[in-house]
$ cat input.cif   # mmCIF, C-alpha atoms and all ligand atoms
data_structure
#
loop_
_atom_site.label_atom_id
_atom_site.label_comp_id
_atom_site.auth_asym_id
_atom_site.auth_seq_id
_atom_site.Cartn_x
_atom_site.Cartn_y
_atom_site.Cartn_z
CA MET A 1 1.08 9.48 -31.38
CA ALA A 2 3.40 10.82 -28.69
CA ALA A 3 3.89 8.60 -25.65
CA LYS A 4 1.84 9.56 -22.60
CA ARG A 5 3.86 11.07 -19.79
CA ALA A 6 3.31 9.94 -16.21
CA LEU A 7 4.84 11.09 -12.93
CA ILE A 8 4.87 8.63 -10.02
CA THR A 9 5.65 9.95 -6.55
CA GLY A 10 6.79 7.18 -4.21
CA VAL A 11 8.22 5.27 -7.19
CA SER A 12 10.81 3.59 -4.94
CA GLY A 13 8.05 1.92 -2.90
CA GLN A 14 6.20 -1.35 -3.50
CA ASP A 15 3.32 0.09 -5.54
CA GLY A 16 5.55 2.61 -7.32
CA ALA A 17 7.69 -0.20 -8.72
CA TYR A 18 4.75 -2.29 -9.98
CA LEU A 19 2.97 0.75 -11.41
CA ALA A 20 6.12 1.95 -13.19
CA ARG A 21 6.48 -1.47 -14.80
CA LEU A 22 2.84 -1.49 -15.90
CA LEU A 23 3.03 2.00 -17.43
CA LEU A 24 6.30 1.20 -19.25
CA GLU A 25 4.65 -1.92 -20.68
CA LYS A 26 1.85 0.33 -21.92
CA GLY A 27 4.34 2.61 -23.70
CA TYR A 28 4.35 5.53 -21.24
CA GLU A 29 7.30 7.80 -20.63
CA VAL A 30 7.61 7.38 -16.86
CA THR A 31 9.21 9.89 -14.50
CA GLY A 32 9.86 8.58 -11.01
CA ALA A 33 10.01 11.04 -8.14
CA ILE A 34 12.45 9.92 -5.48
CA ARG A 35 13.65 11.48 -2.23
CA ARG A 36 17.21 12.64 -1.93
CA SER A 37 19.19 10.17 0.10
CA SER A 38 22.83 9.23 0.54
CA GLN A 39 22.16 6.20 -1.63
CA PRO A 40 19.34 6.48 -4.20
CA GLU A 41 16.67 3.95 -3.31
CA THR A 42 15.90 2.06 -6.54
CA VAL A 43 16.23 -1.52 -5.26
CA ARG A 44 12.66 -2.54 -6.13
CA LEU A 45 12.93 -1.03 -9.62
CA GLU A 46 16.17 -2.95 -10.11
CA THR A 47 14.49 -6.15 -8.92
CA LEU A 48 11.87 -5.69 -11.64
CA GLY A 49 14.63 -4.87 -14.17
CA ILE A 50 13.29 -1.42 -15.07
CA ALA A 51 15.48 1.01 -13.09
CA GLN A 52 17.25 2.22 -16.25
CA GLU A 53 14.02 2.82 -18.17
CA LEU A 54 12.70 5.67 -16.03
CA LYS A 55 13.58 9.33 -15.83
CA TYR A 56 14.04 10.60 -12.27
CA VAL A 57 13.35 13.82 -10.40
CA PHE A 58 14.03 14.54 -6.74
CA CYS A 59 10.90 15.31 -4.80
CA ASP A 60 9.73 15.55 -1.23
CA LEU A 61 6.06 16.06 -0.44
CA GLY A 62 7.16 18.38 2.36
CA GLU A 63 8.44 20.96 -0.18
CA THR A 64 6.02 23.19 -2.05
CA ASN A 65 8.25 24.98 -4.59
CA ASN A 66 9.99 21.77 -5.59
CA LEU A 67 6.67 20.13 -6.51
CA SER A 68 5.59 23.23 -8.42
CA ARG A 69 8.81 23.27 -10.46
CA ILE A 70 8.47 19.58 -11.38
CA ILE A 71 4.91 20.09 -12.59
CA GLN A 72 5.79 23.36 -14.37
CA GLU A 73 8.75 21.86 -16.23
CA THR A 74 7.01 18.82 -17.73
CA GLU A 75 3.46 18.58 -18.98
CA PHE A 76 2.39 15.27 -17.43
CA ASP A 77 -0.74 13.51 -18.68
CA GLU A 78 -1.09 11.61 -15.42
CA ILE A 79 0.29 12.00 -11.90
CA TYR A 80 0.06 9.12 -9.42
CA ASN A 81 0.63 10.28 -5.84
CA LEU A 82 1.87 7.15 -4.08
CA ALA A 83 4.37 8.86 -1.76
CA ALA A 84 3.55 8.65 1.93
CA GLN A 85 4.78 7.76 5.39
CA SER A 86 2.92 4.51 4.82
CA PHE A 87 3.58 2.55 8.02
CA VAL A 88 0.59 2.86 10.35
CA GLY A 89 2.60 1.70 13.38
CA SER A 90 5.12 4.56 13.04
CA SER A 91 2.43 7.20 12.69
CA TRP A 92 1.93 7.37 16.49
CA GLU A 93 5.66 8.15 16.82
CA LEU A 94 5.63 10.61 13.89
CA PRO A 95 2.15 12.20 13.95
CA ILE A 96 3.18 15.69 12.77
CA TYR A 97 5.45 14.45 9.99
CA THR A 98 2.82 11.88 8.90
CA SER A 99 0.13 14.58 8.79
CA ASP A 100 2.36 16.89 6.79
CA VAL A 101 3.40 14.35 4.16
CA ASN A 102 0.21 12.26 3.90
CA GLY A 103 -2.21 15.15 4.31
CA LEU A 104 -0.75 18.53 3.35
CA GLY A 105 1.54 16.92 0.77
CA VAL A 106 -1.55 16.06 -1.26
CA ALA A 107 -2.73 19.68 -1.13
CA ARG A 108 0.72 20.87 -2.25
CA LEU A 109 0.59 18.61 -5.30
CA LEU A 110 -3.00 19.44 -6.18
CA ASP A 111 -2.40 23.16 -5.89
CA ALA A 112 0.60 22.94 -8.21
CA ILE A 113 -1.56 21.01 -10.69
CA ARG A 114 -4.34 23.60 -10.39
CA THR A 115 -1.86 26.43 -11.02
CA TYR A 116 0.43 25.00 -13.70
CA SER A 117 -1.22 21.97 -15.31
CA PRO A 118 -4.98 21.76 -14.64
CA GLN A 119 -5.51 19.23 -17.46
CA THR A 120 -3.25 16.64 -15.77
CA LYS A 121 -5.13 13.65 -14.35
CA PHE A 122 -4.37 12.94 -10.69
CA TYR A 123 -4.51 9.73 -8.64
CA GLN A 124 -4.45 9.85 -4.81
CA ALA A 125 -3.41 6.73 -2.88
CA SER A 126 -6.18 6.61 -0.30
CA THR A 127 -6.70 3.69 2.01
CA SER A 128 -9.08 1.35 3.81
CA GLU A 129 -7.42 2.60 7.04
CA MET A 130 -9.79 5.58 6.69
CA PHE A 131 -12.69 3.23 7.61
CA GLY A 132 -10.88 2.31 10.85
CA LYS A 133 -13.52 1.46 13.43
CA VAL A 134 -15.85 0.32 10.70
CA ARG A 135 -19.41 1.64 10.54
CA GLU A 136 -20.64 -1.05 8.13
CA THR A 137 -19.49 -4.32 6.57
CA PRO A 138 -18.36 -4.67 3.84
CA GLN A 139 -16.98 -1.17 3.28
CA THR A 140 -17.82 0.75 0.09
CA GLU A 141 -17.16 4.23 -1.32
CA LEU A 142 -20.16 5.43 0.74
CA THR A 143 -19.11 4.00 4.13
CA PRO A 144 -18.37 6.81 6.64
CA PHE A 145 -14.78 7.13 7.89
CA HIS A 146 -13.57 6.63 11.48
CA PRO A 147 -9.76 6.49 11.28
CA ARG A 148 -7.87 4.94 14.20
CA SER A 149 -4.31 6.24 13.69
CA PRO A 150 -2.55 9.51 12.80
CA TYR A 151 -1.84 7.79 9.46
CA GLY A 152 -5.55 7.19 8.84
CA VAL A 153 -6.51 10.71 9.95
CA ALA A 154 -3.97 12.28 7.56
CA LYS A 155 -5.20 10.07 4.71
CA VAL A 156 -8.78 11.25 5.31
CA TYR A 157 -7.54 14.81 4.71
CA GLY A 158 -5.73 13.62 1.55
CA HIS A 159 -8.93 11.98 0.34
CA PHE A 160 -11.18 14.98 0.92
CA ILE A 161 -8.74 17.55 -0.51
CA THR A 162 -8.70 15.38 -3.66
CA VAL A 163 -12.50 15.36 -3.79
CA ASN A 164 -12.51 19.11 -3.09
CA TYR A 165 -10.11 20.01 -5.94
CA ARG A 166 -12.22 17.87 -8.27
CA GLU A 167 -15.40 19.65 -7.20
CA SER A 168 -13.88 23.16 -6.95
CA PHE A 169 -11.66 23.32 -10.04
CA GLY A 170 -12.84 20.47 -12.25
CA ILE A 171 -9.50 18.67 -11.98
CA HIS A 172 -9.61 14.98 -13.00
CA ALA A 173 -8.67 13.97 -9.45
CA THR A 174 -9.46 10.43 -8.33
CA SER A 175 -9.18 8.86 -4.90
CA GLY A 176 -8.45 5.13 -4.92
CA ILE A 177 -9.51 3.64 -1.58
CA LEU A 178 -7.31 0.58 -1.58
CA PHE A 179 -7.46 -2.30 0.87
CA ASN A 180 -4.19 -3.98 1.89
CA HIS A 181 -2.13 -5.23 -1.01
CA GLU A 182 1.11 -7.11 -0.64
CA SER A 183 3.85 -8.74 -2.71
CA PRO A 184 7.41 -10.01 -2.52
CA LEU A 185 8.41 -6.31 -2.75
CA ARG A 186 6.48 -5.38 0.43
CA GLY A 187 8.50 -3.57 3.11
CA ARG A 188 9.65 -5.96 5.86
CA ALA A 189 7.91 -4.05 8.68
CA PHE A 190 4.43 -4.86 7.34
CA VAL A 191 3.00 -7.97 8.88
CA THR A 192 2.70 -10.18 5.77
CA ARG A 193 6.31 -9.68 4.70
CA LYS A 194 7.51 -9.89 8.31
CA ILE A 195 5.85 -13.32 8.45
CA SER A 196 7.05 -14.53 5.03
CA TYR A 197 10.63 -13.43 5.66
CA ALA A 198 10.85 -14.84 9.19
CA LEU A 199 9.24 -18.18 8.30
CA ALA A 200 11.46 -18.51 5.21
CA GLN A 201 14.46 -17.99 7.51
CA TYR A 202 13.01 -20.58 9.89
CA ALA A 203 12.55 -23.05 7.01
CA ARG A 204 16.20 -22.46 6.08
CA GLY A 205 17.18 -23.51 9.61
CA SER A 206 17.38 -20.29 11.65
CA GLY A 207 15.45 -21.88 14.53
CA MET A 208 14.33 -18.34 15.47
CA PRO A 209 10.68 -17.51 16.25
CA VAL A 210 8.97 -14.41 14.86
CA GLU A 211 7.38 -12.04 17.39
CA LEU A 212 4.00 -10.61 16.40
CA GLY A 213 1.25 -8.48 17.97
CA ASN A 214 -2.51 -8.83 17.53
CA LEU A 215 -3.19 -12.09 15.64
CA ASP A 216 -6.96 -11.52 15.63
CA ALA A 217 -6.92 -8.43 13.38
CA MET A 218 -8.46 -9.17 9.98
CA ARG A 219 -7.41 -7.71 6.65
CA ASP A 220 -8.64 -7.93 3.07
CA TRP A 221 -5.34 -8.81 1.40
CA GLY A 222 -4.72 -8.69 -2.36
CA PHE A 223 -1.71 -8.65 -4.68
CA ALA A 224 -0.09 -5.27 -5.41
CA GLY A 225 0.35 -6.17 -9.11
CA ASP A 226 -3.44 -6.46 -9.47
CA PHE A 227 -4.09 -3.24 -7.58
CA VAL A 228 -1.80 -0.96 -9.65
CA GLU A 229 -3.78 -2.01 -12.71
CA GLY A 230 -6.87 -0.66 -10.94
CA MET A 231 -5.09 2.66 -10.34
CA TRP A 232 -4.32 2.96 -14.04
CA ARG A 233 -7.90 2.07 -15.03
CA MET A 234 -9.20 4.84 -12.75
CA LEU A 235 -7.27 7.49 -14.69
CA GLN A 236 -8.38 6.11 -18.07
CA HIS A 237 -12.03 6.66 -17.18
CA GLU A 238 -13.63 9.76 -18.68
CA THR A 239 -14.66 11.20 -15.32
CA ALA A 240 -12.82 11.22 -12.03
CA ASP A 241 -14.43 9.56 -9.02
CA ASP A 242 -13.69 7.52 -5.87
CA TYR A 243 -13.20 3.75 -6.07
CA VAL A 244 -12.67 0.94 -3.56
CA LEU A 245 -10.24 -1.80 -4.63
CA ALA A 246 -10.46 -4.97 -2.54
CA THR A 247 -10.73 -8.75 -2.88
CA GLY A 248 -13.87 -9.14 -0.75
CA ARG A 249 -12.26 -11.72 1.57
CA SER A 250 -10.85 -11.04 5.03
CA THR A 251 -8.26 -13.13 6.87
CA THR A 252 -6.76 -13.03 10.37
CA ILE A 253 -3.03 -12.55 10.89
CA ARG A 254 -3.06 -16.07 12.41
CA ASP A 255 -4.42 -17.50 9.16
CA PHE A 256 -1.81 -15.64 7.13
CA VAL A 257 0.80 -17.40 9.31
CA ASN A 258 -0.97 -20.72 8.60
CA TYR A 259 -0.94 -20.15 4.81
CA THR A 260 2.73 -19.15 4.89
CA ALA A 261 3.80 -22.06 7.09
CA SER A 262 1.90 -24.46 4.84
CA ALA A 263 3.63 -23.05 1.71
CA LEU A 264 7.00 -23.67 3.39
CA ASN A 265 6.04 -27.17 4.66
CA ILE A 266 6.33 -26.12 8.31
CA GLY A 267 3.66 -27.99 10.30
CA ILE A 268 2.46 -25.82 13.21
CA ASP A 269 0.04 -26.15 16.13
CA TRP A 270 -1.31 -23.14 18.03
CA THR A 271 -1.29 -23.27 21.83
CA GLY A 272 -2.15 -20.81 24.62
CA GLU A 273 -4.21 -17.63 24.55
CA GLY A 274 -3.67 -13.88 24.48
CA LEU A 275 -0.06 -12.89 25.22
CA ASP A 276 0.77 -16.59 25.83
CA GLU A 277 -0.34 -17.77 22.40
CA GLN A 278 2.37 -19.56 20.40
CA ALA A 279 2.74 -21.53 17.18
CA ILE A 280 4.76 -24.68 17.78
CA ASP A 281 6.67 -26.67 15.17
CA ARG A 282 4.87 -30.04 15.17
CA ARG A 283 8.05 -31.89 14.21
CA THR A 284 10.64 -30.33 16.54
CA GLY A 285 8.58 -28.66 19.27
CA ASN A 286 10.35 -25.33 18.55
CA VAL A 287 8.45 -22.06 18.93
CA VAL A 288 7.78 -20.59 15.47
CA VAL A 289 5.57 -17.63 16.49
CA ARG A 290 5.22 -15.90 19.84
CA ILE A 291 3.49 -12.71 20.97
CA ASN A 292 5.24 -9.47 21.91
CA LYS A 293 2.88 -6.86 23.32
CA ASP A 294 5.11 -4.09 21.91
CA TYR A 295 3.60 -4.86 18.49
CA TYR A 296 0.07 -4.10 19.68
CA ARG A 297 -1.18 -0.67 18.55
CA PRO A 298 -2.64 2.10 20.73
CA ALA A 299 -5.88 1.79 18.72
CA GLU A 300 -6.50 -1.13 16.38
CA VAL A 301 -8.42 -1.53 13.14
CA ASP A 302 -10.01 -4.89 13.90
CA TYR A 303 -11.76 -5.90 10.72
CA LEU A 304 -11.56 -4.68 7.14
CA ILE A 305 -13.35 -6.19 4.16
CA GLY A 306 -14.04 -4.26 0.99
CA ASP A 307 -16.75 -4.30 -1.65
CA ALA A 308 -15.15 -3.43 -5.00
CA SER A 309 -18.38 -3.75 -7.04
CA LYS A 310 -18.12 -0.19 -8.36
CA ALA A 311 -14.58 -0.72 -9.70
CA GLN A 312 -15.71 -4.03 -11.19
CA ASP A 313 -18.80 -2.55 -12.89
CA VAL A 314 -17.40 0.81 -14.03
CA LEU A 315 -13.73 -0.02 -14.66
CA GLY A 316 -13.91 -3.75 -15.38
CA TRP A 317 -11.31 -4.34 -12.63
CA HIS A 318 -11.03 -7.78 -11.00
CA PRO A 319 -8.36 -8.96 -8.55
CA LYS A 320 -6.78 -12.20 -9.78
CA VAL A 321 -4.68 -13.39 -6.83
CA GLN A 322 -6.32 -14.87 -3.70
CA VAL A 323 -4.75 -14.63 -0.26
CA GLU A 324 -3.49 -18.25 -0.12
CA GLU A 325 -1.66 -17.79 -3.44
CA LEU A 326 -0.32 -14.44 -2.25
CA ALA A 327 1.12 -15.99 0.93
CA GLU A 328 2.71 -18.76 -1.13
CA MET A 329 4.18 -16.27 -3.63
CA MET A 330 5.76 -14.21 -0.83
CA ALA A 331 7.01 -17.22 1.14
CA LYS A 332 8.62 -18.86 -1.90
CA SER A 333 10.22 -15.59 -3.01
CA ASP A 334 11.83 -15.08 0.42
CA PHE A 335 12.82 -18.76 0.67
CA ASP A 336 14.49 -18.72 -2.77
CA ALA A 337 16.31 -15.46 -2.05
CA LEU A 338 17.82 -17.00 1.11
CA SER A 339 19.38 -19.93 -0.77
P1 LIG B 401 5.81 2.07 0.48
O1 LIG B 401 6.38 0.84 -0.12
O2 LIG B 401 6.10 2.38 1.91
O3 LIG B 401 6.28 3.32 -0.41
C1 LIG B 401 6.11 4.64 0.02
C2 LIG B 401 6.85 5.56 -0.92
O4 LIG B 401 6.69 6.92 -0.47
C3 LIG B 401 8.37 5.31 -0.97
O5 LIG B 401 8.79 5.48 -2.30
C4 LIG B 401 8.93 6.43 -0.09
O6 LIG B 401 10.23 6.79 -0.41
C5 LIG B 401 7.97 7.55 -0.46
N1 LIG B 401 7.98 8.66 0.50
C6 LIG B 401 7.84 8.58 1.85
N2 LIG B 401 7.88 9.82 2.38
C7 LIG B 401 8.04 10.69 1.36
C8 LIG B 401 8.17 12.10 1.26
N3 LIG B 401 8.15 12.89 2.34
N4 LIG B 401 8.33 12.67 0.04
C9 LIG B 401 8.39 11.90 -1.07
N5 LIG B 401 8.31 10.54 -1.06
C10 LIG B 401 8.11 9.95 0.16
O7 LIG B 401 4.22 2.10 0.33
P2 LIG B 401 3.28 1.31 -0.71
O8 LIG B 401 2.79 0.07 -0.03
O9 LIG B 401 3.93 1.22 -2.03
O10 LIG B 401 2.02 2.28 -0.77
C11 LIG B 401 1.93 3.30 -1.76
C12 LIG B 401 0.87 4.30 -1.34
O11 LIG B 401 -0.38 3.66 -1.21
C13 LIG B 401 1.12 4.99 0.00
O12 LIG B 401 0.62 6.31 -0.09
C14 LIG B 401 0.27 4.19 0.98
O13 LIG B 401 -0.08 4.98 2.09
C15 LIG B 401 -0.91 3.86 0.10
N6 LIG B 401 -1.64 2.63 0.40
C16 LIG B 401 -0.98 1.44 0.46
C17 LIG B 401 -1.69 0.27 0.69
C18 LIG B 401 -1.00 -1.07 0.75
O14 LIG B 401 -1.62 -2.02 1.26
N7 LIG B 401 0.21 -1.21 0.23
C19 LIG B 401 -3.10 0.33 0.85
C20 LIG B 401 -3.73 1.56 0.74
C21 LIG B 401 -3.00 2.70 0.50
P3 LIG B 401 11.53 6.05 0.27
O15 LIG B 401 11.72 4.80 -0.54
O16 LIG B 401 12.60 7.07 0.09
O17 LIG B 401 11.17 5.78 1.68
O1 LIG B 402 0.83 -5.02 7.92
P1 LIG B 402 0.35 -3.89 8.73
O2 LIG B 402 1.38 -3.05 9.38
O3 LIG B 402 -0.61 -3.06 7.79
P2 LIG B 402 -1.80 -2.03 8.08
O4 LIG B 402 -1.67 -1.39 9.40
O5 LIG B 402 -3.08 -2.74 7.78
O6 LIG B 402 -1.53 -0.90 6.98
C1 LIG B 402 -1.25 -1.24 5.62
O7 LIG B 402 -2.46 -1.32 4.91
C2 LIG B 402 -3.18 -0.08 4.83
C3 LIG B 402 -4.46 -0.36 4.03
O8 LIG B 402 -5.48 -0.78 4.91
C4 LIG B 402 -2.31 0.95 4.16
F1 LIG B 402 -3.00 2.12 4.05
C5 LIG B 402 -1.04 1.17 4.94
O9 LIG B 402 -0.19 2.09 4.24
C6 LIG B 402 -0.32 -0.18 5.05
O10 LIG B 402 0.09 -0.56 3.76
O11 LIG B 402 -0.61 -4.43 9.89
C7 LIG B 402 -1.73 -5.26 9.59
C8 LIG B 402 -2.31 -5.80 10.89
C9 LIG B 402 -2.58 -4.76 11.97
O12 LIG B 402 -3.84 -5.02 12.53
C10 LIG B 402 -1.50 -5.02 13.02
O13 LIG B 402 -1.88 -4.69 14.37
O14 LIG B 402 -1.36 -6.71 11.46
C11 LIG B 402 -1.32 -6.50 12.85
N1 LIG B 402 -0.04 -7.01 13.36
C12 LIG B 402 0.10 -8.01 14.27
N2 LIG B 402 1.40 -8.20 14.54
C13 LIG B 402 1.18 -6.55 13.03
C14 LIG B 402 2.09 -7.31 13.77
N3 LIG B 402 1.57 -5.59 12.16
C15 LIG B 402 2.90 -5.38 12.02
N4 LIG B 402 3.31 -4.45 11.14
N5 LIG B 402 3.83 -6.08 12.75
C16 LIG B 402 3.48 -7.06 13.63
O15 LIG B 402 4.32 -7.68 14.28
#

$ encode --input "input.cif" --output "structure tokens"
Amino acid sequence: MAAKRALITGVSGQDGAYLARLLLEKGYEVTGAIRRSSQPETVRLETLGIAQELKYVFCDLGETNNLSRIIQETEFDEIYNLAAQSFVGSSWELPIYTSDVNGLGVARLLDAIRTYSPQTKFYQASTSEMFGKVRETPQTELTPFHPRSPYGVAKVYGHFITVNYRESFGIHATSGILFNHESPLRGRAFVTRKISYALAQYARGSGMPVELGNLDAMRDWGFAGDFVEGMWRMLQHETADDYVLATGRSTTIRDFVNYTASALNIGIDWTGEGLDEQAIDRRTGNVVVRINKDYYRPAEVDYLIGDASKAQDVLGWHPKVQVEELAEMMAKSDFDALS
């Protein structure tokens, strides 16, 4: 039987790299869509040792004809749309661009599929950020959305245009509503990797504190490697639908610092409150964490915790890595890389 063909947009990102590896392991022919840049961005794929095993096409979700040509030229069995301006914090600085790429970009892809390849299965990278100011706890596929950032608002459009093309044209279009998932390949602006990298540097003797924003925000953090398997399972199911992927546990940013410090054998004590809160190195008295109000957001998502029962029951998906193990994995990876 011929190998299945998959297209991954956003293949240079964290999830793109893990998903590409998974699909290659399953015998797929994988095409990675990357943006044109002065230096092709395949670092994560190289880290996983698979950069040479993919085909590549240039793609930008801002371009309509380019997406149409890619989908016209190759008959893909599955398309995973992972490309996005994915950093919530930047979306207040780039609201128009974020809306275009994360919202209209999804419509551009779906319309090309509808026109040139309606049998192709489609995965949309939706997000728990859509729940925002949460209406119920835990959040499920039926929880109403109240996004709190231009990023979240654009992703709500991406979600509903996916549902709409499924309902209007019968396309196998699935929206995966994924809670935060992290890894050693996570971008350094996101809080978990910012913490693991800075504390690994501290453990190597930098003596420099890391500056963070709201330590009270709570996230349901899983491992990206587990979550890409859920994406793949969604497209193997006979019918397309919407699925939450989450671990069902929620942790403060402060506790993620605690897990990371513990993995690196840095003993810390928290002192002060609000903007004066600090984590102090118990041994030396040095400041390890301090607050910088510039990292607070104009509107915060305070508390996310997902209920992935539907994905567990229908797809047989279970997350394997718990948050403590995740923090340790990231801390040790950064510590080893700094040797
Ligand atoms: P990431 O590491 O930031 O990767 C984003 C990818 O999108 C990169 O490959 C980036 O390319 C590409 N991209 C950005 N703008 C683009 C454009 N205009 N045209 C084409 N490609 C573009 O993000 P991630 O963590 O892997 O997340 C993957 C997807 O899942 C995103 O859609 C994100 O919003 C969504 N999501 C993530 C999480 C999570 O916790 N990780 C949770 C829910 C949903 P460059 O490398 O060139 O920048
Ligand atoms: O790590 P974050 O930037 O991730 P956020 O905003 O939850 O978004 C991530 O997860 C979403 C899924 O829910 C994805 F859709 C999205 O693409 C992305 O992958 O921030 C997490 C929390 C926030 O509450 C933020 O206010 O950490 C808080 N935080 C506190 N100090 C900080 C910092 N965040 C960052 N990035 N940097 C800080 O210094």

$ closest_residue --input "input.cif" --among "A:Glu136, A:Asp255, A:Asp220, A:Glu324" --to "ligand LIG 402 (chain B)" --atoms "all atoms listed in the file"
A:Asp220

$ axis_aligned_box --input "input.cif" --around "ligand LIG 401 (chain B)" --padding-each-side "5 Å" --output "lines of an AutoDock Vina configuration file"
center_x = 4.4
center_y = 5.4
center_z = 0.0
size_x = 26.3
size_y = 24.9
size_z = 14.7

$ atom_distance --input "input.cif" --atom1 "atom C6 of ligand LIG 402 (chain B)" --atom2 "CA of Asp336 (chain A)"
25.0 Å

$ residues_around --input "input.cif" --residues "Lys155 (chain A)" --least-positions-apart "6" --cutoff "7 Å" --atoms "only C-alpha atoms" --output "list in words"
Asn102, Gly103, Ser126 and Met130 of chain A

$ closest_residue --input "input.cif" --among "A:Glu129, A:Glu93, A:Glu211, A:Glu53" --to "Tyr295 (chain A)" --atoms "all atoms listed in the file"
A:Glu211

$ residues_around --input "input.cif" --residues "Thr120 (chain A)" --least-positions-apart "2" --cutoff "12 Å" --atoms "all atoms listed in the file" --output "VMD selection string"
chain A and resid 4 to 7 71 to 72 74 to 80 109 to 118 122 to 123 166 170 to 174 235 to 236 240

$ decode --input "input.cif" --residues "region 141-155 of chain A" --atoms "N, CA, C and O atoms" --output "mmCIF file, in the first residue's frame"
data_model
loop_
_atom_site.group_PDB
_atom_site.id
_atom_site.type_symbol
_atom_site.label_atom_id
_atom_site.label_comp_id
_atom_site.auth_asym_id
_atom_site.auth_seq_id
_atom_site.Cartn_x
_atom_site.Cartn_y
_atom_site.Cartn_z
ATOM 1 N N GLU A 141 -15.551 20.229 25.563
ATOM 2 C CA GLU A 141 -15.877 20.647 24.194
ATOM 3 C C GLU A 141 -17.141 21.512 24.185
ATOM 4 O O GLU A 141 -17.383 22.252 23.222
ATOM 5 N N LEU A 142 -17.956 21.426 25.242
ATOM 6 C CA LEU A 142 -19.238 22.151 25.266
ATOM 7 C C LEU A 142 -19.166 23.459 26.053
ATOM 8 O O LEU A 142 -20.140 24.220 26.104
ATOM 9 N N THR A 143 -18.034 23.740 26.676
ATOM 10 C CA THR A 143 -17.893 24.977 27.461
ATOM 11 C C THR A 143 -17.895 26.186 26.522
ATOM 12 O O THR A 143 -17.142 26.207 25.546
ATOM 13 N N PRO A 144 -18.718 27.223 26.808
ATOM 14 C CA PRO A 144 -18.724 28.413 25.944
ATOM 15 C C PRO A 144 -17.381 29.142 25.992
ATOM 16 O O PRO A 144 -16.659 29.069 26.985
ATOM 17 N N PHE A 145 -17.075 29.851 24.905
ATOM 18 C CA PHE A 145 -15.791 30.570 24.811
ATOM 19 C C PHE A 145 -15.930 32.012 25.299
ATOM 20 O O PHE A 145 -16.961 32.653 25.105
ATOM 21 N N HIS A 146 -14.857 32.519 25.917
ATOM 22 C CA HIS A 146 -14.751 33.941 26.263
ATOM 23 C C HIS A 146 -13.266 34.318 26.178
ATOM 24 O O HIS A 146 -12.598 34.451 27.205
ATOM 25 N N PRO A 147 -12.745 34.453 24.946
ATOM 26 C CA PRO A 147 -11.305 34.694 24.795
ATOM 27 C C PRO A 147 -10.885 36.024 25.389
ATOM 28 O O PRO A 147 -11.679 36.960 25.441
ATOM 29 N N ARG A 148 -9.614 36.092 25.834
ATOM 30 C CA ARG A 148 -9.131 37.276 26.555
ATOM 31 C C ARG A 148 -7.994 37.995 25.835
ATOM 32 O O ARG A 148 -7.387 38.901 26.395
ATOM 33 N N SER A 149 -7.662 37.547 24.624
ATOM 34 C CA SER A 149 -6.554 38.175 23.887
ATOM 35 C C SER A 149 -6.901 38.156 22.397
ATOM 36 O O SER A 149 -7.709 37.337 21.956
ATOM 37 N N PRO A 150 -6.254 39.035 21.605
ATOM 38 C CA PRO A 150 -6.450 38.951 20.147
ATOM 39 C C PRO A 150 -6.108 37.550 19.634
ATOM 40 O O PRO A 150 -6.756 37.052 18.710
ATOM 41 N N TYR A 151 -5.119 36.905 20.232
ATOM 42 C CA TYR A 151 -4.785 35.525 19.855
ATOM 43 C C TYR A 151 -6.005 34.615 20.042
ATOM 44 O O TYR A 151 -6.403 33.877 19.140
ATOM 45 N N GLY A 152 -6.597 34.683 21.236
ATOM 46 C CA GLY A 152 -7.739 33.812 21.538
ATOM 47 C C GLY A 152 -8.929 34.111 20.642
ATOM 48 O O GLY A 152 -9.623 33.190 20.180
ATOM 49 N N VAL A 153 -9.155 35.398 20.366
ATOM 50 C CA VAL A 153 -10.287 35.781 19.512
ATOM 51 C C VAL A 153 -10.093 35.205 18.112
ATOM 52 O O VAL A 153 -11.019 34.638 17.513
ATOM 53 N N ALA A 154 -8.871 35.332 17.574
ATOM 54 C CA ALA A 154 -8.598 34.818 16.224
ATOM 55 C C ALA A 154 -8.755 33.295 16.184
ATOM 56 O O ALA A 154 -9.271 32.736 15.209
ATOM 57 N N LYS A 155 -8.341 32.625 17.260
ATOM 58 C CA LYS A 155 -8.454 31.166 17.294
ATOM 59 C C LYS A 155 -9.924 30.718 17.372
ATOM 60 O O LYS A 155 -10.268 29.633 16.911
#
